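Printed here is protein.txt (compact mmCIF, N, CA and C atoms):
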```
# COMPACT_ATOMS: atom_id res chain seq x y z
N MET A 1 97.00 111.90 128.52
CA MET A 1 95.65 111.92 128.01
C MET A 1 95.46 110.88 126.91
N LEU A 2 96.50 110.67 126.11
CA LEU A 2 96.40 109.67 125.04
C LEU A 2 96.19 108.28 125.62
N LEU A 3 96.89 107.95 126.71
CA LEU A 3 96.73 106.65 127.33
C LEU A 3 95.31 106.49 127.88
N VAL A 4 94.78 107.52 128.51
CA VAL A 4 93.41 107.47 129.05
C VAL A 4 92.42 107.25 127.92
N GLN A 5 92.63 107.93 126.80
CA GLN A 5 91.73 107.75 125.66
C GLN A 5 91.85 106.33 125.09
N ASP A 6 93.07 105.81 125.02
CA ASP A 6 93.26 104.46 124.49
C ASP A 6 92.62 103.40 125.39
N ILE A 7 92.72 103.58 126.69
CA ILE A 7 92.12 102.64 127.63
C ILE A 7 90.60 102.70 127.54
N ASP A 8 90.06 103.92 127.40
CA ASP A 8 88.63 104.13 127.13
C ASP A 8 87.71 103.40 128.10
N ARG A 9 87.91 103.67 129.39
CA ARG A 9 87.04 103.12 130.44
C ARG A 9 86.48 104.28 131.25
N PRO A 10 85.24 104.18 131.69
CA PRO A 10 84.63 105.30 132.43
C PRO A 10 85.32 105.60 133.76
N ASN A 11 85.98 104.61 134.34
CA ASN A 11 86.63 104.80 135.64
C ASN A 11 88.12 105.13 135.51
N MET A 12 88.57 105.47 134.31
CA MET A 12 89.98 105.82 134.09
C MET A 12 90.07 107.31 133.76
N GLY A 13 90.81 108.02 134.60
CA GLY A 13 90.99 109.45 134.38
C GLY A 13 92.32 109.89 134.95
N LEU A 14 92.48 111.20 135.08
CA LEU A 14 93.75 111.76 135.54
C LEU A 14 93.57 112.63 136.77
N THR A 15 94.59 112.64 137.61
CA THR A 15 94.75 113.64 138.65
C THR A 15 95.90 114.53 138.20
N LEU A 16 95.63 115.82 138.10
CA LEU A 16 96.67 116.77 137.71
C LEU A 16 97.27 117.41 138.95
N ASP A 17 98.57 117.56 138.95
CA ASP A 17 99.32 118.20 140.03
C ASP A 17 99.96 119.45 139.45
N VAL A 18 99.59 120.62 139.96
CA VAL A 18 100.10 121.89 139.44
C VAL A 18 101.63 121.90 139.44
N GLY A 19 102.24 121.44 140.52
CA GLY A 19 103.70 121.43 140.60
C GLY A 19 104.33 120.55 139.53
N HIS A 20 103.71 119.40 139.24
CA HIS A 20 104.23 118.53 138.21
C HIS A 20 104.06 119.16 136.84
N CYS A 21 102.92 119.82 136.61
CA CYS A 21 102.72 120.53 135.34
C CYS A 21 103.79 121.59 135.15
N LEU A 22 104.04 122.37 136.19
CA LEU A 22 105.05 123.42 136.10
C LEU A 22 106.44 122.83 135.84
N ALA A 23 106.77 121.76 136.56
CA ALA A 23 108.09 121.13 136.40
C ALA A 23 108.27 120.57 134.99
N ALA A 24 107.16 120.20 134.34
CA ALA A 24 107.22 119.67 132.98
C ALA A 24 107.15 120.77 131.93
N GLY A 25 107.05 122.02 132.37
CA GLY A 25 106.98 123.13 131.43
C GLY A 25 105.60 123.33 130.83
N GLU A 26 104.58 122.77 131.46
CA GLU A 26 103.20 122.90 130.97
C GLU A 26 102.52 124.12 131.58
N ASN A 27 101.43 124.53 130.96
CA ASN A 27 100.53 125.52 131.52
C ASN A 27 99.44 124.72 132.24
N PRO A 28 99.40 124.73 133.58
CA PRO A 28 98.42 123.90 134.30
C PRO A 28 96.97 124.19 133.92
N ALA A 29 96.64 125.44 133.64
CA ALA A 29 95.26 125.77 133.25
C ALA A 29 94.91 125.12 131.91
N GLN A 30 95.86 125.11 131.00
CA GLN A 30 95.63 124.47 129.71
C GLN A 30 95.42 122.97 129.89
N SER A 31 96.18 122.37 130.80
CA SER A 31 96.01 120.95 131.08
C SER A 31 94.63 120.67 131.66
N VAL A 32 94.17 121.54 132.58
CA VAL A 32 92.82 121.39 133.14
C VAL A 32 91.78 121.50 132.04
N ALA A 33 91.93 122.49 131.16
CA ALA A 33 90.97 122.68 130.07
C ALA A 33 90.92 121.45 129.16
N MET A 34 92.08 120.92 128.82
CA MET A 34 92.15 119.78 127.90
C MET A 34 91.56 118.52 128.52
N VAL A 35 91.99 118.19 129.73
CA VAL A 35 91.52 116.97 130.38
C VAL A 35 90.07 117.12 130.84
N GLY A 36 89.75 118.29 131.39
CA GLY A 36 88.39 118.53 131.87
C GLY A 36 87.36 118.51 130.76
N ALA A 37 87.71 119.03 129.58
CA ALA A 37 86.77 119.05 128.45
C ALA A 37 86.41 117.65 128.01
N ARG A 38 87.26 116.69 128.29
CA ARG A 38 87.00 115.30 127.93
C ARG A 38 86.35 114.51 129.07
N GLY A 39 86.08 115.20 130.19
CA GLY A 39 85.45 114.54 131.33
C GLY A 39 86.35 113.55 132.04
N LYS A 40 87.67 113.75 131.93
CA LYS A 40 88.61 112.79 132.49
C LYS A 40 89.47 113.37 133.61
N LEU A 41 89.08 114.53 134.14
CA LEU A 41 89.80 115.10 135.27
C LEU A 41 89.14 114.58 136.54
N PHE A 42 89.82 113.68 137.23
CA PHE A 42 89.27 113.02 138.41
C PHE A 42 89.81 113.59 139.72
N GLY A 43 90.95 114.25 139.69
CA GLY A 43 91.53 114.81 140.90
C GLY A 43 92.40 116.01 140.55
N MET A 44 92.54 116.93 141.52
CA MET A 44 93.32 118.14 141.29
C MET A 44 94.17 118.43 142.51
N GLN A 45 95.49 118.40 142.34
CA GLN A 45 96.41 118.72 143.43
C GLN A 45 96.93 120.14 143.20
N LEU A 46 96.57 121.02 144.11
CA LEU A 46 96.93 122.43 143.96
C LEU A 46 98.14 122.77 144.81
N ASN A 47 99.05 123.47 144.19
CA ASN A 47 100.23 124.02 144.85
C ASN A 47 100.81 125.05 143.91
N ASP A 48 102.02 125.47 144.11
CA ASP A 48 102.67 126.43 143.24
C ASP A 48 104.17 126.21 143.32
N GLY A 49 104.90 126.87 142.48
CA GLY A 49 106.35 126.73 142.50
C GLY A 49 106.96 127.55 141.38
N TYR A 50 108.28 127.54 141.38
CA TYR A 50 109.01 128.23 140.32
C TYR A 50 109.14 127.29 139.14
N GLN A 51 109.06 127.82 137.96
CA GLN A 51 109.06 126.98 136.76
C GLN A 51 110.48 126.58 136.37
N ARG A 52 110.98 125.61 137.10
CA ARG A 52 112.28 125.03 136.78
C ARG A 52 112.02 123.58 136.40
N LEU A 53 112.47 123.21 135.24
CA LEU A 53 112.24 121.84 134.80
C LEU A 53 112.80 120.85 135.81
N GLY A 54 111.98 119.88 136.16
CA GLY A 54 112.40 118.83 137.08
C GLY A 54 112.31 119.20 138.55
N ALA A 55 111.87 120.42 138.88
CA ALA A 55 111.81 120.84 140.29
C ALA A 55 110.35 120.96 140.71
N GLU A 56 110.05 120.46 141.88
CA GLU A 56 108.71 120.65 142.45
C GLU A 56 108.89 121.31 143.80
N ASP A 57 108.47 122.57 143.88
CA ASP A 57 108.69 123.34 145.10
C ASP A 57 107.63 123.10 146.17
N GLY A 58 106.41 122.77 145.77
CA GLY A 58 105.35 122.51 146.74
C GLY A 58 104.98 123.72 147.57
N LEU A 59 104.93 124.90 146.94
CA LEU A 59 104.58 126.13 147.65
C LEU A 59 103.07 126.31 147.71
N MET A 60 102.63 127.23 148.52
CA MET A 60 101.20 127.46 148.70
C MET A 60 100.55 127.92 147.40
N PHE A 61 99.32 127.49 147.19
CA PHE A 61 98.59 127.74 145.95
C PHE A 61 98.49 129.23 145.66
N GLY A 62 98.88 129.62 144.45
CA GLY A 62 98.79 131.01 144.02
C GLY A 62 99.85 131.93 144.57
N SER A 63 100.84 131.39 145.28
CA SER A 63 101.84 132.24 145.93
C SER A 63 102.89 132.76 144.94
N VAL A 64 103.15 132.04 143.88
CA VAL A 64 104.14 132.46 142.88
C VAL A 64 103.45 132.93 141.60
N HIS A 65 102.41 132.23 141.19
CA HIS A 65 101.72 132.51 139.93
C HIS A 65 100.23 132.78 140.17
N PRO A 66 99.89 133.95 140.72
CA PRO A 66 98.47 134.20 141.01
C PRO A 66 97.59 134.26 139.76
N ARG A 67 98.10 134.80 138.66
CA ARG A 67 97.28 134.83 137.43
C ARG A 67 97.07 133.43 136.88
N MET A 68 98.09 132.60 136.97
CA MET A 68 97.95 131.21 136.56
C MET A 68 96.89 130.52 137.42
N ALA A 69 96.89 130.82 138.70
CA ALA A 69 95.95 130.19 139.63
C ALA A 69 94.51 130.57 139.29
N ILE A 70 94.27 131.84 138.99
CA ILE A 70 92.90 132.25 138.65
C ILE A 70 92.47 131.63 137.33
N GLU A 71 93.40 131.52 136.37
CA GLU A 71 93.07 130.89 135.09
C GLU A 71 92.74 129.41 135.30
N LEU A 72 93.50 128.75 136.15
CA LEU A 72 93.26 127.34 136.44
C LEU A 72 91.87 127.15 137.08
N VAL A 73 91.56 127.98 138.05
CA VAL A 73 90.25 127.87 138.71
C VAL A 73 89.12 128.19 137.73
N TYR A 74 89.35 129.17 136.87
CA TYR A 74 88.37 129.49 135.83
C TYR A 74 88.07 128.24 134.99
N TRP A 75 89.12 127.50 134.58
CA TRP A 75 88.91 126.31 133.75
C TRP A 75 88.32 125.16 134.55
N LEU A 76 88.59 125.09 135.84
CA LEU A 76 87.88 124.10 136.67
C LEU A 76 86.38 124.37 136.62
N ARG A 77 86.01 125.64 136.74
CA ARG A 77 84.59 126.01 136.67
C ARG A 77 84.02 125.75 135.27
N LYS A 78 84.76 126.18 134.27
CA LYS A 78 84.29 126.09 132.88
C LYS A 78 84.05 124.64 132.47
N THR A 79 84.89 123.72 132.95
CA THR A 79 84.73 122.30 132.61
C THR A 79 83.84 121.57 133.62
N LYS A 80 83.23 122.34 134.53
CA LYS A 80 82.30 121.78 135.52
C LYS A 80 82.94 120.69 136.38
N TYR A 81 84.18 120.93 136.77
CA TYR A 81 84.90 119.97 137.60
C TYR A 81 84.18 119.82 138.94
N ALA A 82 83.93 118.57 139.32
CA ALA A 82 83.23 118.29 140.58
C ALA A 82 83.98 117.27 141.43
N GLY A 83 85.26 117.10 141.13
CA GLY A 83 86.05 116.11 141.86
C GLY A 83 86.70 116.70 143.10
N HIS A 84 87.68 115.99 143.59
CA HIS A 84 88.38 116.39 144.82
C HIS A 84 89.47 117.41 144.52
N ILE A 85 89.67 118.28 145.49
CA ILE A 85 90.76 119.25 145.47
C ILE A 85 91.70 118.85 146.60
N TYR A 86 92.96 118.69 146.26
CA TYR A 86 93.99 118.38 147.25
C TYR A 86 95.00 119.52 147.25
N PHE A 87 95.60 119.76 148.38
CA PHE A 87 96.68 120.74 148.45
C PHE A 87 97.97 119.98 148.70
N ASP A 88 98.83 119.98 147.71
CA ASP A 88 100.08 119.22 147.74
C ASP A 88 101.22 120.20 147.99
N THR A 89 101.33 120.65 149.24
CA THR A 89 102.36 121.62 149.59
C THR A 89 103.27 121.02 150.66
N PHE A 90 104.43 121.63 150.81
CA PHE A 90 105.44 121.10 151.73
C PHE A 90 105.75 122.13 152.81
N PRO A 91 104.99 122.14 153.92
CA PRO A 91 105.24 123.13 154.98
C PRO A 91 106.45 122.77 155.84
N ARG A 92 107.61 123.12 155.37
CA ARG A 92 108.83 122.79 156.10
C ARG A 92 109.03 123.70 157.32
N ASN A 93 108.82 124.99 157.12
CA ASN A 93 109.02 125.96 158.20
C ASN A 93 107.70 126.50 158.75
N GLU A 94 106.62 126.31 158.00
CA GLU A 94 105.33 126.86 158.38
C GLU A 94 104.54 125.86 159.22
N ASP A 95 103.62 126.39 159.98
CA ASP A 95 102.67 125.55 160.71
C ASP A 95 101.79 124.86 159.65
N PRO A 96 101.75 123.53 159.60
CA PRO A 96 101.00 122.86 158.54
C PRO A 96 99.51 123.15 158.57
N VAL A 97 98.93 123.36 159.74
CA VAL A 97 97.51 123.67 159.83
C VAL A 97 97.25 125.06 159.23
N LYS A 98 98.09 126.02 159.60
CA LYS A 98 97.93 127.37 159.06
C LYS A 98 98.12 127.38 157.55
N GLU A 99 99.07 126.60 157.06
CA GLU A 99 99.28 126.53 155.62
C GLU A 99 98.06 125.92 154.92
N ALA A 100 97.50 124.87 155.49
CA ALA A 100 96.30 124.26 154.91
C ALA A 100 95.15 125.26 154.91
N GLU A 101 94.99 125.98 156.01
CA GLU A 101 93.92 126.99 156.08
C GLU A 101 94.13 128.08 155.04
N TYR A 102 95.38 128.50 154.84
CA TYR A 102 95.69 129.51 153.83
C TYR A 102 95.31 129.00 152.43
N ASN A 103 95.70 127.76 152.12
CA ASN A 103 95.39 127.19 150.82
C ASN A 103 93.88 127.14 150.57
N ILE A 104 93.13 126.76 151.57
CA ILE A 104 91.66 126.70 151.44
C ILE A 104 91.10 128.10 151.19
N ARG A 105 91.55 129.08 151.98
CA ARG A 105 91.09 130.47 151.77
C ARG A 105 91.45 130.96 150.38
N LYS A 106 92.68 130.70 149.95
CA LYS A 106 93.14 131.15 148.64
C LYS A 106 92.29 130.54 147.53
N PHE A 107 92.02 129.24 147.64
CA PHE A 107 91.20 128.59 146.62
C PHE A 107 89.80 129.18 146.58
N LYS A 108 89.20 129.39 147.73
CA LYS A 108 87.85 129.97 147.78
C LYS A 108 87.85 131.39 147.19
N THR A 109 88.90 132.15 147.47
CA THR A 109 89.02 133.49 146.90
C THR A 109 89.14 133.43 145.39
N MET A 110 89.97 132.52 144.90
CA MET A 110 90.14 132.37 143.45
C MET A 110 88.84 131.91 142.79
N TRP A 111 88.10 131.06 143.47
CA TRP A 111 86.81 130.59 142.94
C TRP A 111 85.85 131.78 142.80
N ALA A 112 85.78 132.61 143.83
CA ALA A 112 84.91 133.78 143.78
C ALA A 112 85.35 134.74 142.67
N ARG A 113 86.64 134.90 142.48
CA ARG A 113 87.14 135.77 141.41
C ARG A 113 86.81 135.20 140.03
N ALA A 114 86.88 133.90 139.90
CA ALA A 114 86.52 133.27 138.62
C ALA A 114 85.04 133.49 138.32
N VAL A 115 84.21 133.42 139.34
CA VAL A 115 82.78 133.70 139.16
C VAL A 115 82.60 135.14 138.67
N ARG A 116 83.30 136.08 139.29
CA ARG A 116 83.21 137.48 138.87
C ARG A 116 83.70 137.66 137.44
N LEU A 117 84.78 137.00 137.07
CA LEU A 117 85.27 137.09 135.69
C LEU A 117 84.21 136.62 134.71
N GLU A 118 83.56 135.52 135.04
CA GLU A 118 82.50 135.00 134.17
C GLU A 118 81.36 136.00 134.05
N HIS A 119 80.93 136.56 135.17
CA HIS A 119 79.83 137.52 135.16
C HIS A 119 80.19 138.80 134.42
N GLU A 120 81.46 139.15 134.42
CA GLU A 120 81.92 140.38 133.75
C GLU A 120 82.25 140.15 132.27
N GLY A 121 82.08 138.93 131.77
CA GLY A 121 82.22 138.69 130.34
C GLY A 121 83.56 138.20 129.86
N VAL A 122 84.31 137.51 130.68
CA VAL A 122 85.63 137.02 130.24
C VAL A 122 85.50 136.03 129.08
N ASP A 123 84.42 135.28 129.03
CA ASP A 123 84.24 134.33 127.92
C ASP A 123 84.22 135.05 126.57
N ARG A 124 83.55 136.17 126.53
CA ARG A 124 83.47 136.98 125.31
C ARG A 124 84.85 137.47 124.90
N LEU A 125 85.63 137.92 125.89
CA LEU A 125 86.98 138.41 125.61
C LEU A 125 87.89 137.29 125.12
N LEU A 126 87.77 136.13 125.72
CA LEU A 126 88.58 134.99 125.28
C LEU A 126 88.21 134.56 123.87
N ALA A 127 86.92 134.58 123.56
CA ALA A 127 86.48 134.22 122.20
C ALA A 127 87.05 135.17 121.16
N ARG A 128 87.25 136.42 121.56
CA ARG A 128 87.82 137.42 120.64
C ARG A 128 89.35 137.42 120.67
N HIS A 129 89.94 136.61 121.54
CA HIS A 129 91.40 136.56 121.73
C HIS A 129 91.95 137.93 122.12
N ASP A 130 91.20 138.61 122.99
CA ASP A 130 91.58 139.96 123.42
C ASP A 130 92.35 139.87 124.74
N ALA A 131 93.66 139.68 124.63
CA ALA A 131 94.50 139.48 125.82
C ALA A 131 94.54 140.72 126.70
N VAL A 132 94.62 141.90 126.09
CA VAL A 132 94.71 143.14 126.88
C VAL A 132 93.45 143.33 127.70
N ALA A 133 92.30 143.21 127.06
CA ALA A 133 91.04 143.39 127.80
C ALA A 133 90.86 142.31 128.87
N SER A 134 91.32 141.10 128.58
CA SER A 134 91.23 140.02 129.56
C SER A 134 92.08 140.34 130.79
N LEU A 135 93.30 140.82 130.56
CA LEU A 135 94.17 141.19 131.69
C LEU A 135 93.59 142.37 132.46
N GLU A 136 93.04 143.34 131.75
CA GLU A 136 92.43 144.48 132.44
C GLU A 136 91.24 144.03 133.28
N LEU A 137 90.45 143.09 132.77
CA LEU A 137 89.33 142.57 133.54
C LEU A 137 89.84 141.84 134.78
N GLN A 138 90.90 141.05 134.62
CA GLN A 138 91.47 140.38 135.79
C GLN A 138 91.93 141.40 136.83
N ASP A 139 92.49 142.51 136.38
CA ASP A 139 92.92 143.56 137.32
C ASP A 139 91.74 144.09 138.12
N THR A 140 90.56 144.16 137.52
CA THR A 140 89.41 144.70 138.24
C THR A 140 88.87 143.75 139.29
N VAL A 141 89.20 142.46 139.17
CA VAL A 141 88.76 141.51 140.20
C VAL A 141 89.87 141.21 141.19
N ALA A 142 90.86 142.08 141.21
CA ALA A 142 91.92 142.09 142.25
C ALA A 142 92.80 140.86 142.26
N VAL A 143 93.26 140.45 141.09
CA VAL A 143 94.27 139.39 141.07
C VAL A 143 95.57 140.00 141.57
N GLU A 144 96.16 139.37 142.56
CA GLU A 144 97.39 139.92 143.13
C GLU A 144 98.54 139.76 142.19
```
What would you get if you wrote out this structure as structure tokens?
Amino acid sequence: MLLVQDIDRPNMGLTLDVGHCLAAGENPAQSVAMVGARGKLFGMQLNDGYQRLGAEDGLMFGSVHPRMAIELVYWLRKTKYAGHIYFDTFPRNEDPVKEAEYNIRKFKTMWARAVRLEHEGVDRLLARHDAVASLELQDTVAVE
């Protein structure tokens, strides 16, 4: 983000990859919030994986970290992200078409859940730093 700010051109931004964020020990939702708030999120590669430094598993979106996935989608909405969504997964044993269809369904489900969280007042809970109430609200919108 510092390099993007230093370059300071309207056509310079970032594509975030969830797997790369996880491999770097980052919180992908926090990265979306930070880059998106500055209007510099130009692309989003969605996947999932285990948080091992230096490893990119390329698993289906939300398959390992469903709460992280809903938080990420919430921040995409909150920052009014209107760019491209890519699914950067590695279907080694799975049918690649079925995996792509699953990723699309999962993203649409997470988007709908983020809308429900907003309507149910998650912004108010976040402003109060009420983690328990926020988690309870997520439970009511069926985060797996």
### Message
Run DSSP on the backbone and tell me which residues of chain A come out as strand (DSSP E or B); list them as a ChimeraX atom specification.
### Response
/A:14-17,41-46,48,59,84-87
Generate the output file for the selected residues, N, CA and C atoms, as a compact mmCIF listing (two decimals), in the coordinates of the input.
```txt
# COMPACT_ATOMS: atom_id res chain seq x y z
N LEU A 14 92.48 111.20 135.08
CA LEU A 14 93.75 111.76 135.54
C LEU A 14 93.57 112.63 136.77
N THR A 15 94.59 112.64 137.61
CA THR A 15 94.75 113.64 138.65
C THR A 15 95.90 114.53 138.20
N LEU A 16 95.63 115.82 138.10
CA LEU A 16 96.67 116.77 137.71
C LEU A 16 97.27 117.41 138.95
N ASP A 17 98.57 117.56 138.95
CA ASP A 17 99.32 118.20 140.03
C ASP A 17 99.96 119.45 139.45
N LEU A 41 89.08 114.53 134.14
CA LEU A 41 89.80 115.10 135.27
C LEU A 41 89.14 114.58 136.54
N PHE A 42 89.82 113.68 137.23
CA PHE A 42 89.27 113.02 138.41
C PHE A 42 89.81 113.59 139.72
N GLY A 43 90.95 114.25 139.69
CA GLY A 43 91.53 114.81 140.90
C GLY A 43 92.40 116.01 140.55
N MET A 44 92.54 116.93 141.52
CA MET A 44 93.32 118.14 141.29
C MET A 44 94.17 118.43 142.51
N GLN A 45 95.49 118.40 142.34
CA GLN A 45 96.41 118.72 143.43
C GLN A 45 96.93 120.14 143.20
N LEU A 46 96.57 121.02 144.11
CA LEU A 46 96.93 122.43 143.96
C LEU A 46 98.14 122.77 144.81
N ASP A 48 102.02 125.47 144.11
CA ASP A 48 102.67 126.43 143.24
C ASP A 48 104.17 126.21 143.32
N LEU A 59 104.93 124.90 146.94
CA LEU A 59 104.58 126.13 147.65
C LEU A 59 103.07 126.31 147.71
N HIS A 84 87.68 115.99 143.59
CA HIS A 84 88.38 116.39 144.82
C HIS A 84 89.47 117.41 144.52
N ILE A 85 89.67 118.28 145.49
CA ILE A 85 90.76 119.25 145.47
C ILE A 85 91.70 118.85 146.60
N TYR A 86 92.96 118.69 146.26
CA TYR A 86 93.99 118.38 147.25
C TYR A 86 95.00 119.52 147.25
N PHE A 87 95.60 119.76 148.38
CA PHE A 87 96.68 120.74 148.45
C PHE A 87 97.97 119.98 148.70
```
Report as a PDB file with N, CA and C atoms, in the coordinates of the input all protein, DNA and RNA residues lying within 7 Å of Lys40 in chain A, evaluated on only N, CA and C atoms, omitting residues in the same chain fewer than 2 positions from it.
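Result file selection19.pdb:
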```
ATOM      1  N   MET A  12      88.570 105.470 134.310  1.00  0.00           N
ATOM      2  CA  MET A  12      89.980 105.820 134.090  1.00  0.00           C
ATOM      3  C   MET A  12      90.070 107.310 133.760  1.00  0.00           C
ATOM      4  N   GLY A  13      90.810 108.020 134.600  1.00  0.00           N
ATOM      5  CA  GLY A  13      90.990 109.450 134.380  1.00  0.00           C
ATOM      6  C   GLY A  13      92.320 109.890 134.950  1.00  0.00           C
ATOM      7  N   LEU A  14      92.480 111.200 135.080  1.00  0.00           N
ATOM      8  CA  LEU A  14      93.750 111.760 135.540  1.00  0.00           C
ATOM      9  C   LEU A  14      93.570 112.630 136.770  1.00  0.00           C
ATOM     10  N   THR A  15      94.590 112.640 137.610  1.00  0.00           N
ATOM     11  CA  THR A  15      94.750 113.640 138.650  1.00  0.00           C
ATOM     12  C   THR A  15      95.900 114.530 138.200  1.00  0.00           C
ATOM     13  N   VAL A  35      91.990 118.190 129.730  1.00  0.00           N
ATOM     14  CA  VAL A  35      91.520 116.970 130.380  1.00  0.00           C
ATOM     15  C   VAL A  35      90.070 117.120 130.840  1.00  0.00           C
ATOM     16  N   GLY A  36      89.750 118.290 131.390  1.00  0.00           N
ATOM     17  CA  GLY A  36      88.390 118.530 131.870  1.00  0.00           C
ATOM     18  C   GLY A  36      87.360 118.510 130.760  1.00  0.00           C
ATOM     19  N   ALA A  37      87.710 119.030 129.580  1.00  0.00           N
ATOM     20  CA  ALA A  37      86.770 119.050 128.450  1.00  0.00           C
ATOM     21  C   ALA A  37      86.410 117.650 128.010  1.00  0.00           C
ATOM     22  N   ARG A  38      87.260 116.690 128.290  1.00  0.00           N
ATOM     23  CA  ARG A  38      87.000 115.300 127.930  1.00  0.00           C
ATOM     24  C   ARG A  38      86.350 114.510 129.070  1.00  0.00           C
ATOM     25  N   PHE A  42      89.820 113.680 137.230  1.00  0.00           N
ATOM     26  CA  PHE A  42      89.270 113.020 138.410  1.00  0.00           C
ATOM     27  C   PHE A  42      89.810 113.590 139.720  1.00  0.00           C
ATOM     28  N   GLY A  43      90.950 114.250 139.690  1.00  0.00           N
ATOM     29  CA  GLY A  43      91.530 114.810 140.900  1.00  0.00           C
ATOM     30  C   GLY A  43      92.400 116.010 140.550  1.00  0.00           C
TER      31      GLY A  43
END
```
With range 21-34 of chain A as the partner and 6 Å as the cut-off, tabulate the residues of range 67-126 of chain A that qualify, each row holding the nearest pair of atoms and their distance in Å to one decimal, using only N, CA and C atoms, sorted by chain and rising number, as a Markdown table.
```
| residue | atom | partner | partner_atom | distance |
| --- | --- | --- | --- | --- |
| A:Glu71 | C | A:Ala29 | CA | 4.9 |
| A:Leu72 | CA | A:Ala29 | CA | 4.1 |
| A:Trp75 | CA | A:Ala33 | N | 5.5 |
```
### Message
Please report the interatomic distance between CA of Asp88 in chain A and CA of Tyr102 in chain A in Å with one decimal.
### Response
12.7 Å
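CA of Leu46 in chain A lies 8.4 Å from CA of Leu16 in chain A.
Note that the spacing between atom C of His84 in chain A and atom N of Gln45 in chain A amounts to 6.5 Å.
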### Task
Write down as a ChimeraX atom specification the residues belonging to range 3-142 of chain A that are assigned helix (DSSP H, G or I) by DSSP computed on the backbone.
/A:3-7,18-23,28-37,66-78,96-119,122-127,131-140
### Message
List the spatial neighbours of range 120-124 of chain A as a ChimeraX atom specification - criterion: any atom at most 8 Å away, all atoms listed in the file, same-chain residues fewer than 3 positions off excluded.
### Response
/A:114-117,127-130,133-134,137-138
### Query
Of the candidates A:Ala82, A:Val18, A:Leu41, A:Met60, which one gets nearest to Arg105 in chain A if we count only C-alpha atoms?
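Closest candidate: A:Met60.
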### Message
Considering only N, CA and C atoms, can you say which of A:Val141, A:Leu3, A:Leu76, A:Ile85 comes closest to Arg113 in chain A?
### Response
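Checking each of A:Val141, A:Leu3, A:Leu76, A:Ile85 against Arg113 in chain A, counting only N, CA and C atoms, the winner is A:Val141.
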### Message
Nearest residue to Asn47 in chain A out of A:Thr79, A:Thr89, A:Thr140, A:Gln5, using all atoms listed in the file?
### Response
A:Thr89
#### Entry: A:Glu118, A:Glu101, A:Asp139, A:Asp17 ranked by distance to Lys78 in chain A, top pick (using only C-alpha atoms)
A:Glu118
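Shortest atom-to-atom contact with Asn103 in chain A among A:Val4, A:Met44, A:Val64, A:Leu59: A:Leu59, counting only C-alpha atoms.
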